[in-house]
>>> print(open('work-v3.txt').read())   # compact mmCIF, C-alpha atoms
# COMPACT_ATOMS: atom_id res chain seq x y z
CA MET A 194 -69.52 17.65 -113.62
CA ALA A 195 -68.49 21.15 -114.76
CA MET A 196 -69.41 24.39 -113.02
CA ALA A 197 -69.13 27.90 -114.52
CA LEU A 198 -69.58 31.05 -112.41
CA THR A 199 -70.41 34.42 -113.99
CA ALA A 200 -70.65 37.79 -112.24
CA SER A 201 -70.20 41.49 -112.89
CA ALA A 202 -66.93 42.82 -111.50
CA GLU A 203 -66.71 46.28 -113.02
CA THR A 204 -70.09 47.98 -112.54
CA TYR A 205 -70.35 49.32 -109.00
CA LEU A 206 -73.71 51.05 -109.42
CA ALA A 207 -76.43 51.61 -112.03
CA GLU A 208 -79.19 53.65 -110.38
CA SER A 209 -82.45 54.62 -112.12
CA PHE A 210 -84.22 55.73 -108.90
CA ASP A 211 -87.10 53.31 -109.33
CA TYR A 212 -88.65 54.20 -105.96
CA ALA A 213 -91.85 55.80 -104.73
CA GLU A 214 -91.94 59.60 -104.88
CA GLY A 215 -90.77 61.17 -101.65
CA ASN A 216 -87.59 61.00 -99.58
CA LEU A 217 -84.60 59.30 -101.23
CA TYR A 218 -83.10 58.33 -97.86
CA GLY A 219 -83.81 54.71 -96.95
CA ASN A 220 -84.46 53.54 -100.50
CA GLY A 221 -82.11 50.94 -101.94
CA LYS A 222 -78.74 51.49 -100.27
CA TRP A 223 -79.10 55.28 -100.06
CA VAL A 224 -78.10 56.56 -96.62
CA LYS A 225 -77.24 59.96 -95.18
CA TYR A 226 -73.81 61.56 -95.39
CA GLY A 227 -73.56 63.36 -92.07
CA LYS A 228 -76.45 64.09 -89.77
CA LYS A 229 -78.44 66.82 -91.56
CA THR A 230 -82.18 66.16 -91.57
CA THR A 231 -83.62 69.35 -93.07
CA ALA A 232 -84.68 69.58 -96.74
CA PRO A 233 -84.51 65.84 -97.54
CA ILE A 234 -83.47 64.97 -101.10
CA GLN A 235 -86.58 63.98 -103.04
CA VAL A 236 -87.37 61.28 -105.60
CA ALA A 237 -89.35 62.95 -108.39
CA LYS A 238 -91.34 61.62 -111.33
CA SER A 239 -89.17 63.34 -113.93
CA PRO A 240 -86.79 60.80 -115.49
CA LEU A 241 -84.26 62.10 -118.01
CA THR A 242 -83.01 60.63 -121.28
CA PHE A 243 -79.89 61.03 -123.39
CA ALA A 244 -79.24 59.20 -126.67
CA GLY A 245 -76.68 56.43 -126.33
CA TYR A 246 -76.79 56.50 -122.53
CA GLN A 247 -80.41 56.18 -121.47
CA ASP A 248 -82.50 56.19 -124.63
CA ASN A 249 -85.82 55.52 -122.88
CA ALA A 250 -87.07 56.93 -119.59
CA ALA A 251 -86.63 54.48 -116.72
CA GLY A 252 -87.58 54.72 -113.07
CA LYS A 253 -87.64 58.28 -111.73
CA ALA A 254 -85.02 60.91 -110.81
CA VAL A 255 -83.95 63.00 -107.83
CA ARG A 256 -84.32 66.73 -107.36
CA LEU A 257 -81.62 68.78 -105.61
CA THR A 258 -82.29 72.23 -104.16
CA LYS A 259 -79.97 75.03 -103.06
CA GLU A 260 -81.38 74.88 -99.54
CA SER A 261 -78.92 73.87 -96.86
CA GLY A 262 -80.15 70.34 -96.29
CA GLU A 263 -79.59 66.62 -96.39
CA TYR A 264 -76.78 64.89 -98.30
CA CYS A 265 -77.32 61.28 -99.40
CA GLN A 266 -74.75 58.66 -100.40
CA MET A 267 -75.00 55.22 -101.98
CA LEU A 268 -72.28 52.91 -100.66
CA PHE A 269 -70.98 50.32 -103.12
CA ARG A 270 -68.07 49.17 -100.89
CA ASP A 271 -69.35 48.08 -97.47
CA LYS A 272 -67.51 47.84 -94.19
CA GLY A 273 -65.25 44.82 -94.09
CA THR A 274 -64.48 45.05 -97.82
CA ASP A 275 -61.67 46.77 -99.69
CA ALA A 276 -62.21 50.25 -101.06
CA ALA A 277 -62.28 50.73 -104.84
CA LYS A 278 -58.80 50.89 -106.32
CA GLY A 279 -57.18 52.34 -109.43
CA THR A 280 -59.65 54.26 -111.58
CA VAL A 281 -63.30 55.01 -110.78
CA TYR A 282 -65.77 56.61 -113.19
CA TYR A 283 -69.09 58.13 -112.22
CA SER A 284 -71.73 59.51 -114.55
CA ALA A 285 -75.20 61.02 -114.46
CA LEU A 286 -77.80 62.88 -116.46
CA VAL A 287 -77.96 66.46 -115.16
CA ASN A 288 -80.60 69.12 -115.84
CA VAL A 289 -79.98 72.43 -114.03
CA SER A 290 -82.96 74.75 -113.61
CA GLU A 291 -81.51 77.44 -111.33
CA LEU A 292 -78.02 78.51 -110.32
CA PRO A 293 -76.99 79.90 -106.93
CA SER A 294 -76.24 83.61 -106.74
CA GLY A 295 -72.74 84.82 -105.99
CA SER A 296 -69.32 83.80 -107.28
CA ARG A 297 -68.85 80.79 -105.00
CA THR A 298 -70.34 77.37 -105.57
CA ALA A 299 -70.23 73.95 -103.89
CA ALA A 300 -70.13 70.46 -105.42
CA PHE A 301 -73.52 68.85 -106.06
CA MET A 302 -72.05 65.37 -106.67
CA ALA A 303 -68.93 63.67 -105.32
CA LEU A 304 -67.36 60.37 -104.37
CA THR A 305 -67.25 59.38 -100.71
CA GLY A 306 -65.00 57.26 -98.54
CA ALA A 307 -63.98 56.61 -94.96
CA ASN A 308 -62.95 59.38 -92.59
CA SER A 309 -59.23 60.07 -93.05
CA LEU A 310 -58.68 60.06 -89.26
CA ASP A 311 -60.81 57.00 -88.50
CA ALA A 312 -61.30 54.38 -91.23
CA THR A 313 -64.38 52.98 -89.47
CA LYS A 314 -66.22 56.28 -89.86
CA PHE A 315 -68.35 55.79 -92.92
CA GLY A 316 -71.94 54.74 -93.45
CA ASP A 317 -75.35 56.08 -92.48
CA THR A 318 -75.14 59.51 -90.75
CA GLU A 319 -71.33 59.37 -90.75
CA ALA A 320 -69.28 62.18 -92.29
CA GLY A 321 -66.43 60.28 -93.89
CA SER A 322 -64.38 61.82 -96.70
CA GLU A 323 -65.45 63.46 -99.97
CA GLY A 324 -63.61 64.04 -103.23
CA ALA A 325 -63.81 64.32 -107.01
CA GLY A 326 -66.48 67.00 -106.68
CA LEU A 327 -68.69 68.10 -109.60
CA PHE A 328 -69.51 71.82 -109.69
CA ALA A 329 -71.75 74.18 -111.68
CA GLN A 330 -71.14 77.92 -111.98
CA ALA A 331 -72.97 80.70 -113.83
CA SER A 332 -71.45 81.69 -117.18
CA GLY A 333 -73.06 84.04 -119.70
CA GLU A 334 -76.69 83.03 -120.21
CA GLY A 335 -76.04 79.55 -118.79
CA PHE A 336 -73.41 77.77 -116.74
CA LYS A 337 -70.21 75.74 -116.89
CA LEU A 338 -69.40 72.43 -115.24
CA GLY A 339 -66.15 71.77 -113.41
CA VAL A 340 -64.32 69.29 -111.19
CA SER A 341 -61.97 69.40 -108.23
CA ARG A 342 -60.35 66.98 -105.80
CA ASN A 343 -62.32 68.69 -103.06
CA VAL A 344 -66.02 69.50 -102.77
CA ALA A 345 -66.18 72.82 -100.90
CA ASN A 346 -65.55 76.22 -102.48
CA LEU A 347 -66.37 78.46 -99.57
CA GLY A 348 -65.18 81.99 -98.98
CA ASN A 349 -62.60 80.92 -96.40
CA VAL A 350 -61.43 77.74 -98.14
CA LYS A 351 -59.18 77.86 -101.21
CA THR A 352 -60.41 75.21 -103.62
CA SER A 353 -59.37 75.22 -107.25
CA VAL A 354 -62.01 74.06 -109.73
CA ALA A 355 -61.07 73.12 -113.31
CA TRP A 356 -63.91 74.36 -115.55
CA ALA A 357 -64.86 72.89 -118.93
CA ASP A 358 -64.98 75.39 -121.80
CA GLU A 359 -68.48 74.40 -122.94
CA GLU A 360 -71.27 76.71 -121.84
CA CYS A 361 -74.35 74.71 -120.87
CA ALA A 362 -77.96 75.88 -121.13
CA ILE A 363 -80.44 76.08 -118.28
CA GLY A 364 -83.19 73.46 -118.59
CA THR A 365 -81.21 71.17 -120.93
CA THR A 366 -80.20 67.61 -120.06
CA TYR A 367 -76.46 66.85 -120.17
CA LEU A 368 -74.53 63.62 -119.80
CA VAL A 369 -71.67 64.17 -117.39
CA VAL A 370 -68.84 61.67 -116.80
CA VAL A 371 -66.16 62.13 -114.12
CA LYS A 372 -63.02 59.99 -113.92
CA TYR A 373 -61.08 59.70 -110.66
CA GLU A 374 -57.58 58.24 -110.99
CA ILE A 375 -56.09 57.12 -107.70
CA ILE A 376 -52.33 57.68 -108.00
CA ASP A 377 -49.72 56.56 -105.47
CA GLY A 378 -48.38 59.45 -103.42
CA ALA A 379 -49.88 62.47 -101.69
CA ASP A 380 -52.09 65.15 -103.26
CA ASN A 381 -51.67 63.95 -106.83
CA ASP A 382 -54.85 62.09 -107.78
CA ARG A 383 -56.25 63.19 -111.16
CA ILE A 384 -59.87 64.07 -111.96
CA SER A 385 -61.17 64.33 -115.55
CA LEU A 386 -64.54 65.60 -116.79
CA TRP A 387 -66.52 64.92 -119.97
CA VAL A 388 -69.65 66.85 -120.97
CA ASN A 389 -71.89 65.04 -123.48
CA PRO A 390 -69.30 62.47 -124.60
CA ALA A 391 -70.26 60.19 -127.48
CA LYS A 392 -70.68 56.50 -126.81
CA GLY A 393 -67.71 54.52 -128.05
CA ASP A 394 -65.20 51.84 -127.17
CA ALA A 395 -62.31 54.31 -126.95
CA GLU A 396 -62.19 56.93 -124.21
CA PRO A 397 -62.08 60.38 -125.87
CA ALA A 398 -60.07 63.37 -124.73
CA ALA A 399 -61.55 64.92 -121.60
CA SER A 400 -63.31 68.29 -121.58
CA VAL A 401 -61.03 69.33 -118.70
CA VAL A 402 -58.58 67.70 -116.24
CA ALA A 403 -58.07 68.82 -112.64
CA GLU A 404 -54.53 68.39 -111.35
CA GLU A 405 -54.48 71.34 -109.00
CA GLU A 406 -52.33 71.54 -105.90
CA CYS A 407 -54.73 71.12 -103.01
CA SER A 408 -55.02 68.85 -100.01
CA GLU A 409 -56.44 65.39 -100.65
CA SER A 410 -59.91 65.09 -99.15
CA LEU A 411 -60.86 61.56 -100.18
CA ALA A 412 -59.37 58.86 -97.96
CA ASP A 413 -60.66 56.02 -100.15
CA VAL A 414 -63.55 55.37 -102.55
CA ARG A 415 -66.63 53.62 -101.20
CA GLY A 416 -69.68 55.53 -102.42
CA ILE A 417 -71.29 58.22 -104.55
CA GLU A 418 -72.89 61.30 -102.99
CA LEU A 419 -75.66 63.73 -103.91
CA ARG A 420 -75.22 67.11 -102.20
CA GLN A 421 -77.50 70.12 -101.87
CA GLY A 422 -77.07 73.47 -100.21
CA SER A 423 -73.90 74.23 -98.27
CA SER A 424 -73.48 77.56 -96.51
CA SER A 425 -74.44 81.18 -96.78
CA VAL A 426 -71.52 81.87 -99.14
CA ALA A 427 -71.59 78.80 -101.41
CA LYS A 428 -74.61 76.82 -102.54
CA THR A 429 -75.43 74.07 -105.02
CA PRO A 430 -77.69 74.51 -108.07
CA VAL A 431 -81.31 73.45 -108.33
CA ALA A 432 -81.13 70.38 -110.55
CA VAL A 433 -82.66 67.07 -111.54
CA ILE A 434 -80.23 64.12 -111.47
CA ASP A 435 -80.96 60.78 -113.10
CA GLU A 436 -79.32 57.48 -114.12
CA VAL A 437 -76.29 57.62 -111.85
CA ARG A 438 -73.65 55.02 -112.72
CA VAL A 439 -70.30 54.13 -111.15
CA ALA A 440 -67.83 51.76 -112.79
CA SER A 441 -64.17 50.91 -113.18
CA THR A 442 -64.06 51.24 -116.99
CA TRP A 443 -65.30 53.67 -119.63
CA ASN A 444 -67.32 50.99 -121.43
CA GLU A 445 -69.19 50.01 -118.27
CA ILE A 446 -70.51 53.57 -117.99
CA PHE A 447 -72.33 53.21 -121.31
CA THR A 448 -73.18 49.51 -121.08
CA PRO A 449 -73.41 48.70 -117.38
CA ALA A 450 -73.68 45.14 -116.20
CA LYS A 451 -76.11 44.51 -113.38
CA ALA A 452 -74.22 45.84 -110.37
CA ASP A 453 -75.81 43.45 -107.87
CA ALA A 454 -75.43 40.35 -110.04
CA VAL A 455 -75.59 37.12 -108.05
CA GLU A 456 -73.16 34.37 -108.87
CA THR A 457 -75.28 31.64 -110.43
CA PRO A 458 -73.78 28.18 -110.97
CA GLU A 459 -74.47 26.32 -114.18
CA ILE A 460 -74.33 22.54 -113.73
CA THR A 461 -73.76 20.23 -116.67
CA ILE A 462 -73.89 16.44 -116.23
CA THR A 463 -72.05 14.32 -118.77
CA ASP A 464 -72.65 10.69 -119.58
CA MET A 465 -70.51 8.21 -117.66
CA SER A 466 -69.92 4.66 -118.82
CA VAL A 467 -68.87 1.79 -116.55
>>> encode(input="work-v3.txt", output="structure tokens")
Amino acid sequence: MAMALTASAETYLAESFDYAEGNLYGNGKWVKYGKKTTAPIQVAKSPLTFAGYQDNAAGKAVRLTKESGEYCQMLFRDKGTDAAKGTVYYSALVNVSELPSGSRTAAFMALTGANSLDATKFGDTEAGSEGAGLFAQASGEGFKLGVSRNVANLGNVKTSVAWADEECAIGTTYLVVVKYEIIDGADNDRISLWVNPAKGDAEPAASVVAEEECSESLADVRGIELRQGSSSVAKTPVAVIDEVRVASTWNEIFTPAKADAVETPEITITDMSV
């Protein structure tokens, strides 16, 4: 008898938001980050497409507002398991319809992990740690995308955001890929950003790399977060987000294996002679 086991080990998440319209919280493995209950993140019937990434519309999407409201996170590393190690990529289709006023902005996507002071503090309604934030800021007639180790860019908090040179247009769908490299040592993890990268086996040069000197905010990597609103001095954009993927390799972002694949044994019986 021979047994072969096959499973996906590199795709952490491939989310098309195939849920009923309404609140995102409680669908799939989406839970709250923190305890905010106002302005729940909504599932909307407005799926996005991008050639080479999601060619045909699938499922639905989520709509983020600039209201100070609920944050949601999808955990792909549960309690009792090891956090993700090495390099983590996350990607999404992003269509921004309105930018917040003012010069300050807050991340509308990020990775999440356990609380740096208490490793058991992560999960539904827990405020663990956040990092590898994705930002949008007004530029000319449109906006630019940027990344930072942190997620807040408030008036009283110094956070350095590395901005890509490309100016994006309001109402246009963009493919965004963020790479988070976990490097041994303190305050030295590296975050890279690609805007509309072409599908290919080789990872191209990044649009921008964030290696700024700032305190590390992410204790480990266990989930992906959608954020909306923030404070009176820094808000997130109004945007539709679709086809969120998290993986350990560049190729898995473009060709994700089924993240929740079940190990299925294949049994082959050979002839036996006596």
>>> residues_around(input="work-v3.txt", residues="Arg383 in chain A", least_positions_apart="4", cutoff="10 Å", atoms="only C-alpha atoms", output="ChimeraX atom specification")
/A:280,325,341-342,372-376,402-405
>>> closest_residue(input="work-v3.txt", among="A:Thr305, A:Ser261, A:Gln235, A:Ser322", to="Ala427 in chain A", atoms="all atoms listed in the file")
A:Ser261
>>> atom_distance(input="work-v3.txt", atom1="CA of Gln247 in chain A", atom2="CA of Ile417 in chain A")
19.3 Å
>>> closest_residue(input="work-v3.txt", among="A:Phe315, A:Tyr226, A:Trp387, A:Trp356", to="Ala331 in chain A", atoms="all atoms listed in the file")
A:Trp356
>>> residues_around(input="work-v3.txt", residues="range 292-302 of chain A", least_positions_apart="3", cutoff="8 Å", atoms="all atoms listed in the file", output="number ranges by chain")
A: 259, 289, 326-331, 336, 344-348, 417-423, 426-431
>>> atom_distance(input="work-v3.txt", atom1="CA of Pro390 in chain A", atom2="CA of Val369 in chain A")
7.8 Å
>>> atom_distance(input="work-v3.txt", atom1="CA of Ser400 in chain A", atom2="CA of Val388 in chain A")
6.5 Å
>>> decode(input="work-v3.txt", residues="range 278-296 of chain A", atoms="N, CA and C atoms", output="PDB file, in the first residue's frame")
ATOM      1  N   LYS A 278       6.491  33.133   9.433  1.00  0.00           N
ATOM      2  CA  LYS A 278       7.905  33.457   9.542  1.00  0.00           C
ATOM      3  C   LYS A 278       8.457  33.927   8.199  1.00  0.00           C
ATOM      4  N   GLY A 279       9.628  34.551   8.240  1.00  0.00           N
ATOM      5  CA  GLY A 279      10.328  34.895   7.008  1.00  0.00           C
ATOM      6  C   GLY A 279       9.678  36.032   6.257  1.00  0.00           C
ATOM      7  N   THR A 280       9.151  35.743   5.073  1.00  0.00           N
ATOM      8  CA  THR A 280       8.561  36.755   4.206  1.00  0.00           C
ATOM      9  C   THR A 280       7.073  36.495   4.025  1.00  0.00           C
ATOM     10  N   VAL A 281       6.279  37.554   4.119  1.00  0.00           N
ATOM     11  CA  VAL A 281       4.834  37.462   3.919  1.00  0.00           C
ATOM     12  C   VAL A 281       4.436  38.519   2.891  1.00  0.00           C
ATOM     13  N   TYR A 282       3.694  38.093   1.873  1.00  0.00           N
ATOM     14  CA  TYR A 282       3.138  39.004   0.873  1.00  0.00           C
ATOM     15  C   TYR A 282       1.640  39.151   1.122  1.00  0.00           C
ATOM     16  N   TYR A 283       1.124  40.364   0.935  1.00  0.00           N
ATOM     17  CA  TYR A 283      -0.330  40.495   0.835  1.00  0.00           C
ATOM     18  C   TYR A 283      -0.657  41.378  -0.363  1.00  0.00           C
ATOM     19  N   SER A 284      -1.813  41.100  -0.964  1.00  0.00           N
ATOM     20  CA  SER A 284      -2.201  41.809  -2.178  1.00  0.00           C
ATOM     21  C   SER A 284      -3.701  42.041  -2.171  1.00  0.00           C
ATOM     22  N   ALA A 285      -4.136  42.987  -2.995  1.00  0.00           N
ATOM     23  CA  ALA A 285      -5.566  43.281  -3.107  1.00  0.00           C
ATOM     24  C   ALA A 285      -5.803  44.143  -4.329  1.00  0.00           C
ATOM     25  N   LEU A 286      -7.044  44.121  -4.798  1.00  0.00           N
ATOM     26  CA  LEU A 286      -7.502  45.082  -5.796  1.00  0.00           C
ATOM     27  C   LEU A 286      -8.108  46.260  -5.040  1.00  0.00           C
ATOM     28  N   VAL A 287      -7.683  47.467  -5.390  1.00  0.00           N
ATOM     29  CA  VAL A 287      -8.061  48.674  -4.653  1.00  0.00           C
ATOM     30  C   VAL A 287      -8.628  49.702  -5.625  1.00  0.00           C
ATOM     31  N   ASN A 288      -9.815  50.231  -5.308  1.00  0.00           N
ATOM     32  CA  ASN A 288     -10.420  51.288  -6.101  1.00  0.00           C
ATOM     33  C   ASN A 288     -10.853  52.401  -5.144  1.00  0.00           C
ATOM     34  N   VAL A 289     -10.118  53.507  -5.155  1.00  0.00           N
ATOM     35  CA  VAL A 289     -10.370  54.629  -4.242  1.00  0.00           C
ATOM     36  C   VAL A 289     -11.327  55.615  -4.901  1.00  0.00           C
ATOM     37  N   SER A 290     -12.385  55.981  -4.185  1.00  0.00           N
ATOM     38  CA  SER A 290     -13.365  56.924  -4.733  1.00  0.00           C
ATOM     39  C   SER A 290     -13.311  58.290  -4.058  1.00  0.00           C
ATOM     40  N   GLU A 291     -12.718  58.370  -2.870  1.00  0.00           N
ATOM     41  CA  GLU A 291     -12.649  59.653  -2.167  1.00  0.00           C
ATOM     42  C   GLU A 291     -11.488  59.603  -1.188  1.00  0.00           C
ATOM     43  N   LEU A 292     -10.748  60.702  -1.122  1.00  0.00           N
ATOM     44  CA  LEU A 292      -9.602  60.785  -0.217  1.00  0.00           C
ATOM     45  C   LEU A 292      -9.942  61.657   0.975  1.00  0.00           C
ATOM     46  N   PRO A 293      -9.340  61.381   2.128  1.00  0.00           N
ATOM     47  CA  PRO A 293      -9.595  62.226   3.296  1.00  0.00           C
ATOM     48  C   PRO A 293      -8.958  63.595   3.111  1.00  0.00           C
ATOM     49  N   SER A 294      -9.543  64.609   3.699  1.00  0.00           N
ATOM     50  CA  SER A 294      -8.970  65.949   3.632  1.00  0.00           C
ATOM     51  C   SER A 294      -7.819  66.052   4.634  1.00  0.00           C
ATOM     52  N   GLY A 295      -6.952  67.013   4.424  1.00  0.00           N
ATOM     53  CA  GLY A 295      -5.834  67.211   5.340  1.00  0.00           C
ATOM     54  C   GLY A 295      -4.584  66.490   4.864  1.00  0.00           C
ATOM     55  N   SER A 296      -3.471  66.765   5.514  1.00  0.00           N
ATOM     56  CA  SER A 296      -2.183  66.224   5.097  1.00  0.00           C
ATOM     57  C   SER A 296      -1.858  64.892   5.757  1.00  0.00           C
TER      58      SER A 296
END
